[in-house]
Amino acid sequence: MSKAQFNQGRFFEDFTLGETIVHATPRTVTEGDASLYIGLTGSRHIMHCAKHFAHALGFADKTIDDLLAFHIAFGKSVPDISVNAVANLGYAEIKFSHPVYAGDTLTTETEVIGLKENSSGKNGIVYVRSTSFNQNHKAVLSWVRWVMVHKNDPNAATPETTIPHLDKVVSVEDLIIPPELDANDFDTTATGSPRLWEDFEHGERLNHPAGMTVDDSDHTLATKLYQNNAKLHFDALAMKDTTFGKRLMYGGHVISVCRALSYDGLENALFIAAINAGTHANPSFGGDTFYTWSEVLEKWEIPGRSDIGALRLRMVGLKNQTAGSLDTTHVDVDGKQQYHANVVLDLDYTVLMPRTAK
Amino acid sequence: MSKAQFNQGRFFEDFTLGETIVHATPRTVTEGDASLYIGLTGSRHIMHCAKHFAHALGFADKTIDDLLAFHIAFGKSVPDISVNAVANLGYAEIKFSHPVYAGDTLTTETEVIGLKENSSGKNGIVYVRSTSFNQNHKAVLSWVRWVMVHKNDPNAATPETTIPHLDKVVSVEDLIIPPELDANDFDTTATGSPRLWEDFEHGERLNHPAGMTVDDSDHTLATKLYQNNAKLHFDALAMKDTTFGKRLMYGGHVISVCRALSYDGLENALFIAAINAGTHANPSFGGDTFYTWSEVLEKWEIPGRSDIGALRLRMVGLKNQTAGSLDTTHVDVDGKQQYHANVVLDLDYTVLMPRTAK
Amino acid sequence: MSKAQFNQGRFFEDFTLGETIVHATPRTVTEGDASLYIGLTGSRHIMHCAKHFAHALGFADKTIDDLLAFHIAFGKSVPDISVNAVANLGYAEIKFSHPVYAGDTLTTETEVIGLKENSSGKNGIVYVRSTSFNQNHKAVLSWVRWVMVHKNDPNAATPETTIPHLDKVVSVEDLIIPPELDANDFDTTATGSPRLWEDFEHGERLNHPAGMTVDDSDHTLATKLYQNNAKLHFDALAMKDTTFGKRLMYGGHVISVCRALSYDGLENALFIAAINAGTHANPSFGGDTFYTWSEVLEKWEIPGRSDIGALRLRMVGLKNQTAGSLDTTHVDVDGKQQYHANVVLDLDYTVLMPRTAK
């Protein structure tokens, strides 16, 4: 047994600046994954549901839901990057760069882009940029995350501190617009809403009317579909003795549920182009009922395009409280602002939306 | 915000006799949907499960389950037609006219075929005929329903009363038989039962032996797969304060469960050709166990065909009580006949079944 | 009603030595089934997940999970063989002989290979060998089982006793290696573990770290996907008055869950070549959390192959107790060895694993 029986994941001292880690278990995404995702979220976003509609917009086929692709790609990085993490500290620069189609095989790689040992000497922060490629070595999506990771050997050498520059918001110039996309003949009949890019106002808030209760079978089925094997989502026995007391819902699936709930009001938000930042404000569990509101943070024209524009949106996810029943995300606790106990998600992301035809 | 943030659906005065409404979110139905449907119902109907068997009957491929196609097509009409409904009053003339294959994209349109304002002036009855088309503009199924809808403006003009003629039963002449179907070489080995059209007797009752418990995750997964977004199936929080107290199971999925349970005894009921009428006699909830019995209402020869015949069947769905333990669907309550509390479905439908080879 | 309304299954006297029974409801296995299986188990075995990886090993496409194919094939035999069974007595010689691809249609046939009436005259043991074929009449897997079946007519003639010879272990010479398999360029990056056939030791035990809680919706969804219609898995009302008191989890799905949990540590166990024997030591129910340990029983070189070897493994499934917390499977009860109450599975099977390149 010269080789370890089990993959133990990496500790802080195992990361080297600039190295690239190729993650295991590439995955062919299929129509089956797309259907189960619809079943798990009720998603109705048209680019992922209707082949002839995708054709009309210039695509070879309907595409795999952006978030489904993300969850599968992300899950691959978990065993290597975050299995010894003390905490997931943040996310940035999540960019969707190429459509994923049923039949594509995704492989995820991660580059170490920053390291900073903490003053305690017991752990450190690792900054990584992960990229998922299809079978043609085309990058389909990428993201940056930074996690605090334990040191295994307290005497391991301290690396030089390198903190990468990260954009707070993916700028409109950095959005990757699929070149095949042509929304000049966009037909709002297919989405059910005439509201296009021009119809949204800076600062506008949408209290999406729908709610969805998610049971334990739902979120565990989703997370297993994503092949994200983080123990805390599946193992009720192990979770019994934690502060949660039960299986924790994968935060990524909360994003998916909120995105699906936001369909009513954002029918024409065809694609997610980027996720700028995100906070899982409170944990979610089986049995919780989710609601969501959206706020228009910015409206951007896209250079060289008159058929589509971008909206930077804030998506707030709530549990067990309707979108209209809560004005703000934060409450004052002893003079300190903190998230309301029913706020579970605070996401800053950017969508592409067709513009009104001239 | 010149355009409404949310699609509010139509009120009574928004419907015009003869108009056609094209519903949103066309859907490509896939092998993934078919598999999840099998997982949710346990369905074994051979035309939807076995490609080479479908080939032997003349079809290009195994077909999408009739009811799965119906639920998806029907779900599309909900946001426009019934979101402001006081009540779903009835269904008629549900006809399956063309096979649906994995890869087909379904779009649903609805024609307003009748209007009748109620004497109160507060609401009215809208009669609609909805048709779902595939990507080749071929009608694959259609149905009539009538719903009572609120008026938004009590002073809106009263339309001329028009009540469409509707068939109580889709007659054998109006059944649409797929022209490719050739059951002359039908092999009962594949279905597991030698009982063909000739073997069924008028008035015969079959107490199907199987039972199936449906949990909340099961029926909500199904209804999300169908993209039917009616709140009362998903939102446990909103349902808590209703008379139901909890999420209501989509009545269409009850039909699917009963159809799957009826396999034992009706193995050779290959296709549903029509649904003549149907009543959801009582509500169903997660945790209910379903049973079903069938009754042969009529036996029809099909003009010009010696390979198949039609059976008009009654399918009675029960909850928490076996098929053999209840003789009739109704009970006497203070001299009035009403449905037994455990009867959840009373469906009148027509199937196609191969005949004994000459 | 000259023909019985319902298929009653076979009684002991209905089986004839040497006869072949073709089972009903052939099934086309699809990408949808593969995806739902991943959702239900979290399985990451690479041959079933990644198309380009399967190509690199010589296969036409990623293959359907061995156990998914087994469950579907096996389910077909239930209505004919074991519906009147008093007990399922044993399994042997489960051999996987040909890859199953999405789109293949499986049909199962069973040959009666042994009969032995019990001395009571009330029942007897039937030995059968079942084989599942694809649409090209190629055998894809086969198994032997023996069940005790009731006699319907106590006066039925007693057949000559025939007990087939069965291998306790499928020998390495009898393993069927897919001729297209070429693992000379096997890349362990794809599976995440460098441990290959040479790295495992006879007697080595692996306490797989992962655990998985399976709820009622999960196991019933799985068993319906497999179209195994044995009542005790689905009908909570009927089960209420049994000694179990609730729906019993299909033992085959327990195998699938344990196989998925064993991925960590057995990443390179690409294929199941054979199952030698198996015991469902205790029943499992919705809500149970599963763990598993593996033990290397034998290491075999494969004649004529230097790229792969075989490992005969023991896979022990536990409920509600971690793999590391139990040393042995048996406990002493009044001087008698019996399975510990938390042991649910004791499986003896053989996998193919790439060898270290020369």
# chains A, B, ... in the order shown; residues from 1 in each chain; ligands from 1
>>> interface_residues(of="chain A", to="chain B", cutoff="7 Å", atoms="only C-alpha atoms", output="ChimeraX atom specification")
/A:31-32,35-36,38-42,44,46,49-51,189-193,195,199-200,210-213,215,217-218,264-265,289,320
>>> residues_around(residues="range 271-282 of chain B", least_positions_apart="5", cutoff="9 Å", atoms="only C-alpha atoms", output="PyMOL selection string")
chain B and resi 45+47+65-67+90-97+143+167-170+175-177+251+254+310+312+339-353
>>> write_last_selection(atoms="N, CA and C atoms", output="tab-separated table (two decimals), in the first residue's frame")
chain	number	residue	atom	x	y	z
B	45	HIS	N	-45.91	0.63	-20.28
B	45	HIS	CA	-46.58	0.50	-21.58
B	45	HIS	C	-45.54	0.47	-22.69
B	47	MET	N	-45.20	0.63	-25.97
B	47	MET	CA	-44.96	1.57	-27.07
B	47	MET	C	-44.01	2.69	-26.65
B	65	ASP	N	-44.87	8.83	-23.93
B	65	ASP	CA	-46.12	8.43	-23.29
B	65	ASP	C	-47.20	9.48	-23.55
B	66	ASP	N	-48.39	9.01	-23.94
B	66	ASP	CA	-49.49	9.91	-24.28
B	66	ASP	C	-49.74	10.93	-23.17
B	67	LEU	N	-49.73	10.46	-21.93
B	67	LEU	CA	-50.06	11.36	-20.82
B	67	LEU	C	-48.91	12.32	-20.52
B	90	GLY	N	-64.75	21.59	-16.55
B	90	GLY	CA	-64.85	20.31	-17.24
B	90	GLY	C	-63.89	20.19	-18.39
B	91	TYR	N	-63.79	18.96	-18.90
B	91	TYR	CA	-62.90	18.59	-20.01
B	91	TYR	C	-63.70	17.76	-20.99
B	92	ALA	N	-63.35	17.89	-22.25
B	92	ALA	CA	-63.99	17.05	-23.27
B	92	ALA	C	-63.09	16.94	-24.47
B	93	GLU	N	-63.37	15.94	-25.28
B	93	GLU	CA	-62.76	15.79	-26.61
B	93	GLU	C	-61.23	15.87	-26.58
B	94	ILE	N	-60.63	15.20	-25.60
B	94	ILE	CA	-59.16	15.11	-25.60
B	94	ILE	C	-58.78	14.04	-26.62
B	95	LYS	N	-58.10	14.48	-27.68
B	95	LYS	CA	-57.78	13.55	-28.77
B	95	LYS	C	-56.27	13.52	-29.01
B	96	PHE	N	-55.76	12.33	-29.13
B	96	PHE	CA	-54.35	12.13	-29.44
B	96	PHE	C	-54.28	11.84	-30.94
B	97	SER	N	-53.63	12.72	-31.68
B	97	SER	CA	-53.77	12.66	-33.13
B	97	SER	C	-52.49	12.30	-33.88
B	143	TRP	N	-57.54	19.32	-26.86
B	143	TRP	CA	-58.52	19.10	-25.80
B	143	TRP	C	-59.38	20.35	-25.65
B	167	ASP	N	-68.91	16.85	-27.87
B	167	ASP	CA	-69.29	15.44	-27.82
B	167	ASP	C	-69.11	14.91	-26.41
B	168	LYS	N	-70.12	14.18	-25.93
B	168	LYS	CA	-69.97	13.55	-24.62
B	168	LYS	C	-68.90	12.47	-24.68
B	169	VAL	N	-68.83	11.84	-25.81
B	169	VAL	CA	-67.83	10.79	-26.04
B	169	VAL	C	-67.25	11.01	-27.43
B	170	VAL	N	-65.96	10.89	-27.54
B	170	VAL	CA	-65.34	10.95	-28.87
B	170	VAL	C	-65.74	9.65	-29.58
B	175	LEU	N	-61.98	8.96	-33.78
B	175	LEU	CA	-60.65	8.58	-33.27
B	175	LEU	C	-59.64	8.69	-34.40
B	176	ILE	N	-58.48	9.19	-34.07
B	176	ILE	CA	-57.44	9.35	-35.09
B	176	ILE	C	-56.44	8.22	-34.93
B	177	ILE	N	-56.44	7.32	-35.87
B	177	ILE	CA	-55.57	6.14	-35.80
B	177	ILE	C	-54.29	6.47	-36.57
B	251	GLY	N	-53.72	16.97	-10.43
B	251	GLY	CA	-54.67	15.92	-10.81
B	251	GLY	C	-54.22	15.12	-12.02
B	254	VAL	N	-52.17	12.22	-11.01
B	254	VAL	CA	-53.00	11.12	-10.49
B	254	VAL	C	-53.44	10.23	-11.66
B	310	ALA	N	-61.14	-0.64	-30.47
B	310	ALA	CA	-61.11	0.37	-29.41
B	310	ALA	C	-61.92	-0.11	-28.22
B	312	ARG	N	-63.70	1.60	-24.85
B	312	ARG	CA	-63.98	2.78	-24.02
B	312	ARG	C	-63.99	2.29	-22.57
B	339	TYR	N	-69.41	11.45	-4.35
B	339	TYR	CA	-68.25	10.57	-4.44
B	339	TYR	C	-67.78	10.15	-3.05
B	340	HIS	N	-67.47	8.88	-2.93
B	340	HIS	CA	-66.81	8.36	-1.73
B	340	HIS	C	-65.53	9.17	-1.50
B	341	ALA	N	-65.23	9.43	-0.24
B	341	ALA	CA	-64.10	10.30	0.10
B	341	ALA	C	-62.76	9.77	-0.40
B	342	ASN	N	-62.66	8.47	-0.68
B	342	ASN	CA	-61.39	7.91	-1.15
B	342	ASN	C	-61.31	7.79	-2.68
B	343	VAL	N	-62.38	8.19	-3.36
B	343	VAL	CA	-62.32	8.19	-4.82
B	343	VAL	C	-61.69	9.51	-5.26
B	344	VAL	N	-60.60	9.42	-6.02
B	344	VAL	CA	-59.92	10.64	-6.43
B	344	VAL	C	-60.05	10.92	-7.93
B	345	LEU	N	-60.38	9.89	-8.69
B	345	LEU	CA	-60.42	10.07	-10.14
B	345	LEU	C	-61.54	9.23	-10.74
B	346	ASP	N	-62.24	9.81	-11.68
B	346	ASP	CA	-63.26	9.08	-12.43
B	346	ASP	C	-63.10	9.51	-13.88
B	347	LEU	N	-62.42	8.68	-14.64
B	347	LEU	CA	-62.00	9.06	-15.99
B	347	LEU	C	-62.66	8.17	-17.03
B	348	ASP	N	-63.13	8.76	-18.09
B	348	ASP	CA	-63.76	8.06	-19.21
B	348	ASP	C	-62.83	8.23	-20.41
B	349	TYR	N	-62.20	7.15	-20.85
B	349	TYR	CA	-61.22	7.29	-21.93
B	349	TYR	C	-61.27	6.10	-22.88
B	350	THR	N	-60.58	6.24	-23.97
B	350	THR	CA	-60.65	5.23	-25.03
B	350	THR	C	-59.24	4.81	-25.42
B	351	VAL	N	-59.02	3.51	-25.43
B	351	VAL	CA	-57.70	2.99	-25.80
B	351	VAL	C	-57.81	2.17	-27.09
B	352	LEU	N	-56.67	2.03	-27.75
B	352	LEU	CA	-56.57	1.14	-28.90
B	352	LEU	C	-55.89	-0.15	-28.46
B	353	MET	N	-56.46	-1.29	-28.90
B	353	MET	CA	-55.91	-2.58	-28.50
B	353	MET	C	-55.89	-3.52	-29.70
>>> atom_distance(atom1="CA of Thr328 in chain C", atom2="CA of His208 in chain C")
15.0 Å
>>> select_by_dssp(residues="range 149-238 of chain A", states="strand (DSSP E or B)", output="list in words")
Val149, His150, Thr162, Arg205, Leu206, Asn207, Met212 and Thr213 of chain A
>>> residues_around(residues="Ala85 in chain C", least_positions_apart="5", cutoff="10 Å", atoms="only C-alpha atoms", output="mmCIF file with C-alpha atoms, in the first residue's frame")
data_model
loop_
_atom_site.group_PDB
_atom_site.id
_atom_site.type_symbol
_atom_site.label_atom_id
_atom_site.label_comp_id
_atom_site.auth_asym_id
_atom_site.auth_seq_id
_atom_site.Cartn_x
_atom_site.Cartn_y
_atom_site.Cartn_z
ATOM 1 C CA GLY C 9 -47.205 -15.777 -12.220
ATOM 2 C CA ARG C 10 -46.050 -19.388 -12.133
ATOM 3 C CA PHE C 11 -46.447 -21.939 -9.390
ATOM 4 C CA PHE C 12 -43.991 -24.765 -8.761
ATOM 5 C CA VAL C 78 -39.995 -10.842 -11.461
ATOM 6 C CA ASN C 123 -43.613 -26.106 -2.511
ATOM 7 C CA GLY C 124 -40.345 -26.574 -4.276
ATOM 8 C CA ILE C 125 -37.136 -24.974 -5.335
ATOM 9 C CA VAL C 126 -36.778 -23.698 -8.873
ATOM 10 C CA TRP C 146 -33.024 -20.132 -7.003
ATOM 11 C CA VAL C 147 -36.332 -19.459 -5.373
ATOM 12 C CA MET C 148 -38.764 -21.457 -3.284
ATOM 13 C CA VAL C 149 -42.149 -21.379 -5.009
ATOM 14 C CA HIS C 150 -45.581 -22.501 -3.818
ATOM 15 C CA LYS C 151 -47.444 -25.296 -5.493
#
>>> closest_residue(among="B:Phe290, B:Tyr263, B:Trp300, B:Phe133", to="His202 in chain B", atoms="only C-alpha atoms")
B:Trp300
>>> residues_around(residues="Thr161 in chain C", least_positions_apart="3", cutoff="10 Å", atoms="only C-alpha atoms", output="list in words")
Leu17, Gly114, Leu115, Lys116, Glu117, Asn118, Gly124, Ile125, Thr158 and Pro164 of chain C
>>> atom_distance(atom1="CA of Arg205 in chain A", atom2="CA of Trp293 in chain A")
7.0 Å
>>> residues_around(residues="Ile64 in chain A", least_positions_apart="3", cutoff="8 Å", atoms="only C-alpha atoms", output="PyMOL selection string")
chain A and resi 29+34+48+68-69+99-102
>>> write_last_selection(atoms="N, CA, C and O atoms", output="mmCIF file, in the first residue's frame")
data_model
loop_
_atom_site.group_PDB
_atom_site.id
_atom_site.type_symbol
_atom_site.label_atom_id
_atom_site.label_comp_id
_atom_site.auth_asym_id
_atom_site.auth_seq_id
_atom_site.Cartn_x
_atom_site.Cartn_y
_atom_site.Cartn_z
ATOM 1 N N VAL A 29 -22.447 15.519 -20.430
ATOM 2 C CA VAL A 29 -23.752 16.059 -20.030
ATOM 3 C C VAL A 29 -24.757 15.671 -21.102
ATOM 4 O O VAL A 29 -24.456 15.771 -22.288
ATOM 5 N N ALA A 34 -30.490 17.280 -18.468
ATOM 6 C CA ALA A 34 -31.321 18.465 -18.697
ATOM 7 C C ALA A 34 -32.744 18.231 -18.214
ATOM 8 O O ALA A 34 -33.360 19.107 -17.588
ATOM 9 N N HIS A 48 -32.876 26.594 -23.001
ATOM 10 C CA HIS A 48 -32.517 25.268 -22.504
ATOM 11 C C HIS A 48 -33.655 24.262 -22.696
ATOM 12 O O HIS A 48 -33.513 23.098 -22.345
ATOM 13 N N LEU A 68 -26.757 24.397 -14.510
ATOM 14 C CA LEU A 68 -26.513 22.953 -14.497
ATOM 15 C C LEU A 68 -25.069 22.675 -14.912
ATOM 16 O O LEU A 68 -24.348 21.895 -14.264
ATOM 17 N N ALA A 69 -24.628 23.340 -15.986
ATOM 18 C CA ALA A 69 -23.238 23.176 -16.428
ATOM 19 C C ALA A 69 -22.283 23.613 -15.319
ATOM 20 O O ALA A 69 -21.287 22.935 -15.034
ATOM 21 N N PRO A 99 -21.427 27.908 -25.312
ATOM 22 C CA PRO A 99 -22.599 27.073 -24.991
ATOM 23 C C PRO A 99 -22.209 25.616 -24.772
ATOM 24 O O PRO A 99 -21.285 25.100 -25.401
ATOM 25 N N VAL A 100 -22.911 24.977 -23.857
ATOM 26 C CA VAL A 100 -22.740 23.542 -23.622
ATOM 27 C C VAL A 100 -23.964 22.839 -24.202
ATOM 28 O O VAL A 100 -25.096 23.250 -23.936
ATOM 29 N N TYR A 101 -23.725 21.817 -25.001
ATOM 30 C CA TYR A 101 -24.804 21.068 -25.621
ATOM 31 C C TYR A 101 -24.860 19.656 -25.046
ATOM 32 O O TYR A 101 -23.839 19.128 -24.583
ATOM 33 N N ALA A 102 -26.027 19.057 -25.096
ATOM 34 C CA ALA A 102 -26.138 17.644 -24.720
ATOM 35 C C ALA A 102 -25.161 16.842 -25.560
ATOM 36 O O ALA A 102 -25.094 17.018 -26.774
#
>>> atom_distance(atom1="CA of Thr356 in chain C", atom2="CA of Asn268 in chain C")
11.4 Å
>>> select_by_dssp(residues="range 1-202 of chain B", states="alpha helix (DSSP H)", output="list in words")
Glu31, Gly32, Asp33, Ala34, Ser35, Leu36, Tyr37, Ile38, Gly39, Leu40, Thr41, Lys51, His52, Phe53, Ala54, His55, Ala56, Asp66, Leu67, Leu68, Ala69, Phe70, His71, Ile72, Ala73, Phe74, Gly75, Lys76 and Ser77 of chain B
>>> closest_residue(among="C:Glu198, C:Glu173, C:Glu160, C:Asp182", to="Leu57 in chain C", atoms="only C-alpha atoms")
C:Asp182
>>> decode(residues="range 327-350 of chain A", atoms="N, CA, C and O atoms", output="PDB file, in the first residue's frame")
ATOM      1  N   ASP A 327     -38.491  43.940   3.034  1.00  0.00           N
ATOM      2  CA  ASP A 327     -38.033  45.096   2.262  1.00  0.00           C
ATOM      3  C   ASP A 327     -36.545  45.048   1.953  1.00  0.00           C
ATOM      4  O   ASP A 327     -36.115  45.388   0.863  1.00  0.00           O
ATOM      5  N   THR A 328     -35.762  44.681   2.956  1.00  0.00           N
ATOM      6  CA  THR A 328     -34.311  44.689   2.768  1.00  0.00           C
ATOM      7  C   THR A 328     -33.731  43.354   3.199  1.00  0.00           C
ATOM      8  O   THR A 328     -34.419  42.538   3.821  1.00  0.00           O
ATOM      9  N   THR A 329     -32.496  43.140   2.874  1.00  0.00           N
ATOM     10  CA  THR A 329     -31.862  41.869   3.206  1.00  0.00           C
ATOM     11  C   THR A 329     -31.279  41.860   4.619  1.00  0.00           C
ATOM     12  O   THR A 329     -31.049  40.796   5.184  1.00  0.00           O
ATOM     13  N   HIS A 330     -31.012  43.060   5.164  1.00  0.00           N
ATOM     14  CA  HIS A 330     -30.269  43.116   6.422  1.00  0.00           C
ATOM     15  C   HIS A 330     -31.131  43.644   7.576  1.00  0.00           C
ATOM     16  O   HIS A 330     -32.106  44.354   7.371  1.00  0.00           O
ATOM     17  N   VAL A 331     -30.750  43.268   8.745  1.00  0.00           N
ATOM     18  CA  VAL A 331     -31.392  43.787   9.956  1.00  0.00           C
ATOM     19  C   VAL A 331     -30.296  44.280  10.897  1.00  0.00           C
ATOM     20  O   VAL A 331     -29.144  43.867  10.807  1.00  0.00           O
ATOM     21  N   ASP A 332     -30.710  45.171  11.777  1.00  0.00           N
ATOM     22  CA  ASP A 332     -29.786  45.718  12.764  1.00  0.00           C
ATOM     23  C   ASP A 332     -29.803  44.813  13.996  1.00  0.00           C
ATOM     24  O   ASP A 332     -30.857  44.579  14.603  1.00  0.00           O
ATOM     25  N   VAL A 333     -28.636  44.282  14.311  1.00  0.00           N
ATOM     26  CA  VAL A 333     -28.529  43.480  15.538  1.00  0.00           C
ATOM     27  C   VAL A 333     -27.449  44.125  16.404  1.00  0.00           C
ATOM     28  O   VAL A 333     -26.264  44.106  16.052  1.00  0.00           O
ATOM     29  N   ASP A 334     -27.878  44.743  17.489  1.00  0.00           N
ATOM     30  CA  ASP A 334     -26.940  45.437  18.397  1.00  0.00           C
ATOM     31  C   ASP A 334     -26.042  46.405  17.623  1.00  0.00           C
ATOM     32  O   ASP A 334     -24.807  46.390  17.787  1.00  0.00           O
ATOM     33  N   GLY A 335     -26.679  47.190  16.763  1.00  0.00           N
ATOM     34  CA  GLY A 335     -25.920  48.201  16.029  1.00  0.00           C
ATOM     35  C   GLY A 335     -25.116  47.681  14.862  1.00  0.00           C
ATOM     36  O   GLY A 335     -24.425  48.442  14.183  1.00  0.00           O
ATOM     37  N   LYS A 336     -25.224  46.361  14.623  1.00  0.00           N
ATOM     38  CA  LYS A 336     -24.490  45.771  13.501  1.00  0.00           C
ATOM     39  C   LYS A 336     -25.484  45.264  12.465  1.00  0.00           C
ATOM     40  O   LYS A 336     -26.479  44.630  12.809  1.00  0.00           O
ATOM     41  N   GLN A 337     -25.183  45.549  11.193  1.00  0.00           N
ATOM     42  CA  GLN A 337     -26.039  45.052  10.120  1.00  0.00           C
ATOM     43  C   GLN A 337     -25.696  43.592   9.825  1.00  0.00           C
ATOM     44  O   GLN A 337     -24.543  43.266   9.571  1.00  0.00           O
ATOM     45  N   GLN A 338     -26.718  42.733   9.876  1.00  0.00           N
ATOM     46  CA  GLN A 338     -26.468  41.362   9.420  1.00  0.00           C
ATOM     47  C   GLN A 338     -27.656  40.839   8.629  1.00  0.00           C
ATOM     48  O   GLN A 338     -28.750  41.413   8.662  1.00  0.00           O
ATOM     49  N   TYR A 339     -27.417  39.776   7.886  1.00  0.00           N
ATOM     50  CA  TYR A 339     -28.488  39.240   7.052  1.00  0.00           C
ATOM     51  C   TYR A 339     -29.661  38.794   7.907  1.00  0.00           C
ATOM     52  O   TYR A 339     -29.489  38.163   8.956  1.00  0.00           O
ATOM     53  N   HIS A 340     -30.841  39.119   7.443  1.00  0.00           N
ATOM     54  CA  HIS A 340     -32.075  38.607   8.023  1.00  0.00           C
ATOM     55  C   HIS A 340     -32.009  37.069   7.998  1.00  0.00           C
ATOM     56  O   HIS A 340     -31.515  36.484   7.030  1.00  0.00           O
ATOM     57  N   ALA A 341     -32.508  36.452   9.026  1.00  0.00           N
ATOM     58  CA  ALA A 341     -32.383  34.991   9.171  1.00  0.00           C
ATOM     59  C   ALA A 341     -33.043  34.222   8.025  1.00  0.00           C
ATOM     60  O   ALA A 341     -32.698  33.060   7.784  1.00  0.00           O
ATOM     61  N   ASN A 342     -33.968  34.836   7.303  1.00  0.00           N
ATOM     62  CA  ASN A 342     -34.633  34.135   6.199  1.00  0.00           C
ATOM     63  C   ASN A 342     -34.018  34.425   4.832  1.00  0.00           C
ATOM     64  O   ASN A 342     -34.500  33.908   3.832  1.00  0.00           O
ATOM     65  N   VAL A 343     -32.996  35.269   4.813  1.00  0.00           N
ATOM     66  CA  VAL A 343     -32.299  35.499   3.550  1.00  0.00           C
ATOM     67  C   VAL A 343     -31.254  34.390   3.379  1.00  0.00           C
ATOM     68  O   VAL A 343     -30.420  34.184   4.252  1.00  0.00           O
ATOM     69  N   VAL A 344     -31.342  33.676   2.266  1.00  0.00           N
ATOM     70  CA  VAL A 344     -30.412  32.556   2.065  1.00  0.00           C
ATOM     71  C   VAL A 344     -29.414  32.831   0.950  1.00  0.00           C
ATOM     72  O   VAL A 344     -28.348  32.214   0.895  1.00  0.00           O
ATOM     73  N   LEU A 345     -29.741  33.756   0.067  1.00  0.00           N
ATOM     74  CA  LEU A 345     -28.888  33.987  -1.093  1.00  0.00           C
ATOM     75  C   LEU A 345     -28.859  35.465  -1.445  1.00  0.00           C
ATOM     76  O   LEU A 345     -29.905  36.126  -1.438  1.00  0.00           O
ATOM     77  N   ASP A 346     -27.688  35.977  -1.752  1.00  0.00           N
ATOM     78  CA  ASP A 346     -27.533  37.349  -2.237  1.00  0.00           C
ATOM     79  C   ASP A 346     -26.530  37.278  -3.389  1.00  0.00           C
ATOM     80  O   ASP A 346     -25.327  37.219  -3.169  1.00  0.00           O
ATOM     81  N   LEU A 347     -27.076  37.262  -4.594  1.00  0.00           N
ATOM     82  CA  LEU A 347     -26.255  36.987  -5.769  1.00  0.00           C
ATOM     83  C   LEU A 347     -26.226  38.196  -6.705  1.00  0.00           C
ATOM     84  O   LEU A 347     -27.251  38.824  -6.959  1.00  0.00           O
ATOM     85  N   ASP A 348     -25.066  38.480  -7.214  1.00  0.00           N
ATOM     86  CA  ASP A 348     -24.864  39.585  -8.157  1.00  0.00           C
ATOM     87  C   ASP A 348     -24.457  38.944  -9.486  1.00  0.00           C
ATOM     88  O   ASP A 348     -23.397  38.318  -9.569  1.00  0.00           O
ATOM     89  N   TYR A 349     -25.320  39.065 -10.489  1.00  0.00           N
ATOM     90  CA  TYR A 349     -25.026  38.366 -11.746  1.00  0.00           C
ATOM     91  C   TYR A 349     -25.503  39.175 -12.947  1.00  0.00           C
ATOM     92  O   TYR A 349     -26.218  40.167 -12.801  1.00  0.00           O
ATOM     93  N   THR A 350     -25.094  38.748 -14.099  1.00  0.00           N
ATOM     94  CA  THR A 350     -25.368  39.501 -15.321  1.00  0.00           C
ATOM     95  C   THR A 350     -26.014  38.595 -16.361  1.00  0.00           C
ATOM     96  O   THR A 350     -25.512  37.485 -16.607  1.00  0.00           O
TER      97      THR A 350
END
